[in-house]
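All remarks here apply to the structure that follows.
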Amino acid sequence: MATITPFAALRPDPALAANVCELPYDVMSSDEARVMAAGNPLSFLRVSKPEIDLPEGIGLYSEAVYAKGRENFEKLIADGVLRRDPAPMFHLYRQVMGGHSQIGLVGLASCQEYLDNIVKKHELTRPDKEDDRVRHIEALDAQTGPVFLTYRADSAIDALVSRITAGAPEIDFTAPDGVRHSSWPVADAADIAFLEAAFAAMPALYIADGHHRSAAAGRIYQSRKGAGGSAGFLTVIFPHNQMNILAYNRVLKDLHGKTSEELLSALGQVFEIREKGAPVPSEKHQLGFYMAGKWYGLVFKPELTSAGSAIDLLDVSLLQTTVLAPLFDIQDPRTSKRIAFVGGIRGTDELEKLVDSGEFACAFSMFPTGIEDLMEIADAGGIMPPKSTWFEPKLRDAMFSHLL
């Protein structure tokens with residue numbers, strides 16, 4: 001069973017939400033955050049990336065950064081910019097990006113079920129990033145960045161969501177990036193009970209984005225267990241058939257001593273190469289390859305994709321085992337300084353820019369990993385390669401916070 005519980009959320013004054021709510025802390029640099037928050041004292045980046053209010057060059061993990069985050073958070077509450085719900089409830093959160101719309105349920109998932117793998121993972125976490133999230137949550141005594149979960153779509157839940165979202169939203173704004181964010185409270189006792197029961201009948205939930213946030217919540221739960229700490233962590237849960245996964249592309253610093261001709265010859269042992277390839281691949285097992293001002297189309301040879309586990313047959317896995325390791329000697333993409341990852345939201349123009357500038361030597365444009373692959377791998381207890389998925393749109397921080 002999957003336990004989802006309502007809670008008394010801390011939320012922005014609807015009239016101020018557009019000024020308060022911001023993209024997650026981990027999709028921008030400190031310099032980018034300073035620019036985004038300039039002239040806006042209500043920006044939640046002053047809580048999620050509080051170093052922007054301190055002298056440049058300060059260590060991101062210094063105690064002063066976390067203290068500043070707490071100071072800014074408490075001021076938003078004291079000034080009435082953020083206000084707590086009068087009673088525990090769920091919320092529905094809709095995001096519209098271009099022609100794509102997705103609606104998730106805002107509630108608390110179970111920390112114990114995360115530890116027991118009922119809330120299933122598909123990525124490894126880095127200890128330093130976990131530690132940062134633990135310190136941020138402890139400093140604020142609140143979770144301010146929701147974990148992005150998914151579940152196998154359920155028609156009865158869909159019907160309730162459609163009924164409630166047919167009414168006017170309580171919060172409704174369009175962010176500078178063009179994404180519209182809307183929310184509706186779910187306060188009726190019968191609706192709350194229905195949702196709790198519907199999720200209790202599900203065997204599992206799946207982390208889409210937010211592995212470090214959920215790991216940090218689990219650690220805090222364990223440290224506070226029996227001391228009145230929260231047993232839940234902040235999440236927005238979307239049906240799997242509304243997931244929008246973009247590619248996570250790769251750029252390489254050098255050709256590992258090969259000439260362009262030698263590299264193309266080596267790639268020809270792995271792929272069928274199309275001289276006039278499209279920058280964006282159109283289906284699984286196709287890649288785009290950019291080098292020396294030209295795009296090539298790459299199609300994995302059939303013998304490489306005819307058998308194997310779900311992890312083995314991911315394009316990111318095939319690229320690693322057949323190209324990055326043997327041809328470029330990139331054995332661990334998590335630690336190698338010769339590879340970088342570019343989220344699909346930046347488009348293939350960004351890949352061209354990086355290569356044409358001379359900063360990188362070549363780029364691979366990937367086809368997005370499927371949500372069914374993600375769930376199959378998570379069900380099997382597998383771990384996907386790093387940077388396998390890029391979910392869009394991103395959840396806005398400060399739409400909902402959970403006070404511990």
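Chain labels follow the order of the structure tokens: the first chain is A, the next B, and so on; residue numbering restarts at 1 in every chain, and ligands are counted from 1 in their shown order.
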So which residues touch Ile4 of chain A within 12 Å, counting only C-alpha atoms, skipping near sequence neighbours fewer than 6 positions away, as a PDB file with C-alpha atoms, in the first residue's frame?
```
ATOM      1  CA  MET A  89      -6.036  18.986   3.395  1.00  0.00           C
ATOM      2  CA  PHE A  90      -4.820  17.924  -0.012  1.00  0.00           C
ATOM      3  CA  LEU A 105      -1.971  15.638  -5.948  1.00  0.00           C
ATOM      4  CA  VAL A 106      -0.120  17.545  -3.227  1.00  0.00           C
ATOM      5  CA  GLY A 107       0.225  15.610   0.025  1.00  0.00           C
ATOM      6  CA  LEU A 108       2.687  13.849   2.284  1.00  0.00           C
ATOM      7  CA  ALA A 109       4.200  10.528   1.271  1.00  0.00           C
ATOM      8  CA  SER A 110       5.481   8.170   3.960  1.00  0.00           C
ATOM      9  CA  CYS A 111       9.131   8.406   4.971  1.00  0.00           C
ATOM     10  CA  GLN A 112       8.986   4.829   6.253  1.00  0.00           C
ATOM     11  CA  GLU A 113       7.620   3.617   2.929  1.00  0.00           C
ATOM     12  CA  TYR A 114      10.457   5.439   1.202  1.00  0.00           C
ATOM     13  CA  ILE A 118       7.345   1.215  -1.498  1.00  0.00           C
ATOM     14  CA  VAL A 119       8.234   4.665  -2.775  1.00  0.00           C
ATOM     15  CA  LEU A 149       6.315  11.318  -7.698  1.00  0.00           C
ATOM     16  CA  TYR A 151       1.714   6.559  -9.971  1.00  0.00           C
ATOM     17  CA  ILE A 192      -9.852  13.275   1.376  1.00  0.00           C
ATOM     18  CA  ALA A 193     -10.945   9.821   2.534  1.00  0.00           C
ATOM     19  CA  PHE A 194     -11.430   8.683  -1.067  1.00  0.00           C
ATOM     20  CA  LEU A 195      -7.935   9.757  -2.065  1.00  0.00           C
ATOM     21  CA  GLU A 196      -6.339   8.144   0.978  1.00  0.00           C
ATOM     22  CA  ALA A 197      -8.116   4.871   0.191  1.00  0.00           C
ATOM     23  CA  ALA A 198      -7.306   5.025  -3.534  1.00  0.00           C
ATOM     24  CA  PHE A 199      -3.595   5.394  -2.893  1.00  0.00           C
ATOM     25  CA  ALA A 200      -3.658   2.802  -0.124  1.00  0.00           C
ATOM     26  CA  ALA A 201      -4.723   0.298  -2.797  1.00  0.00           C
ATOM     27  CA  MET A 202      -1.628   1.044  -4.908  1.00  0.00           C
ATOM     28  CA  ALA A 204       3.960   1.480  -5.117  1.00  0.00           C
ATOM     29  CA  LEU A 205       4.769   5.060  -5.991  1.00  0.00           C
ATOM     30  CA  ALA A 231       6.554  10.868   9.298  1.00  0.00           C
ATOM     31  CA  GLY A 232       5.784  12.308   5.867  1.00  0.00           C
ATOM     32  CA  PHE A 233       7.620  14.203   3.148  1.00  0.00           C
ATOM     33  CA  LEU A 234       6.269  16.847   0.812  1.00  0.00           C
ATOM     34  CA  THR A 235       5.324  15.566  -2.618  1.00  0.00           C
ATOM     35  CA  VAL A 236       3.291  16.220  -5.737  1.00  0.00           C
ATOM     36  CA  ILE A 237       2.086  12.977  -7.324  1.00  0.00           C
TER      37      ILE A 237
END
```
Env of segment 257-273 of chain A: 6 Å cut, atoms = only C-alpha atoms, seq-sep filter 2 positions within chain, self excluded. Answer as number ranges by chain. A: 255, 297-301
Near Ile137 of chain A, counting only C-alpha atoms, which residues have an atom at most 12 Å away, once you skip same-chain residues fewer than 2 positions from it, shown as a VMD selection string? chain A and resid 47 to 48 66 to 67 69 to 70 73 130 to 135 139 to 146 212 to 221 230 233 to 234 401 to 404
Residues of segment 151-249 of chain A at most 12 Å from segment 21-26 of chain A: nearest atom pair and distance in Å, only C-alpha atoms, as CSV:
```
residue,atom,partner,partner_atom,distance
A:Ile171,CA,A:Cys21,CA,11.1
A:Asp172,CA,A:Cys21,CA,11.4
A:Phe173,CA,A:Cys21,CA,9.8
A:Thr174,CA,A:Cys21,CA,10.5
A:Ala175,CA,A:Glu22,CA,8.4
A:Pro176,CA,A:Glu22,CA,9.8
A:Asp177,CA,A:Leu23,CA,9.8
A:Val179,CA,A:Leu23,CA,10.8
A:Arg180,CA,A:Cys21,CA,11.7
A:His181,CA,A:Cys21,CA,9.7
A:Ser182,CA,A:Cys21,CA,11.7
A:Asp209,CA,A:Pro24,CA,11.0
A:Gly210,CA,A:Asp26,CA,10.0
A:His212,CA,A:Asp26,CA,10.5
A:Arg213,CA,A:Asp26,CA,10.9
```
Output file for the selection above: C-alpha atoms, as a PDB file, in the first residue's frame:
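Writing the result to part_15.pdb gives the following:
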```
ATOM      1  CA  ILE A 171      -3.806  30.240  -7.037  1.00  0.00           C
ATOM      2  CA  ASP A 172      -3.290  30.910 -10.724  1.00  0.00           C
ATOM      3  CA  PHE A 173      -0.331  32.609 -12.416  1.00  0.00           C
ATOM      4  CA  THR A 174       1.949  32.279 -15.404  1.00  0.00           C
ATOM      5  CA  ALA A 175       5.659  32.307 -14.632  1.00  0.00           C
ATOM      6  CA  PRO A 176       8.264  34.184 -16.695  1.00  0.00           C
ATOM      7  CA  ASP A 177       9.138  30.973 -18.555  1.00  0.00           C
ATOM      8  CA  VAL A 179       4.459  27.845 -17.620  1.00  0.00           C
ATOM      9  CA  ARG A 180       1.064  28.346 -15.974  1.00  0.00           C
ATOM     10  CA  HIS A 181       0.666  27.168 -12.359  1.00  0.00           C
ATOM     11  CA  SER A 182      -2.756  26.667 -10.746  1.00  0.00           C
ATOM     12  CA  ASP A 209      12.513  13.816  -9.702  1.00  0.00           C
ATOM     13  CA  GLY A 210      13.792  14.643  -6.225  1.00  0.00           C
ATOM     14  CA  HIS A 212      18.077  13.916  -2.865  1.00  0.00           C
ATOM     15  CA  ARG A 213      15.057  15.626  -1.286  1.00  0.00           C
TER      16      ARG A 213
END
```
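In this model, the gap between atom CA of Ile207 of chain A and atom CA of Pro169 of chain A comes to 26.5 Å.
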Could you find all residues in segment 100-142 of chain A that DSSP calls alpha helix (DSSP H) from the backbone, and write them as JSON, numbers by chain? {"A": [111, 112, 113, 114, 115, 127, 128, 129, 130, 131, 132, 133, 134, 135, 136, 137, 138, 139, 140]}
May I have the residues within 10 Å of Arg338 of chain A as a PyMOL selection string, using only C-alpha atoms and disregarding those fewer than 3 positions away in the same chain? chain A and resi 251-256+328-330+333+335+360
Of the listed residues A:Arg346, A:Lys294, A:Lys284, A:Arg224, that which approaches Asn249 of chain A most closely, counting only C-alpha atoms: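 Between A:Arg346, A:Lys294, A:Lys284, A:Arg224, the residue approaching Asn249 of chain A most closely is A:Arg346.
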Could you tell me, as a PyMOL selection string, which residues of segment 41-165 of chain A DSSP assigns to strand (DSSP E or B) when given the backbone? chain A and resi 82-84+89-97+100-110+119-120+142-143+147-151
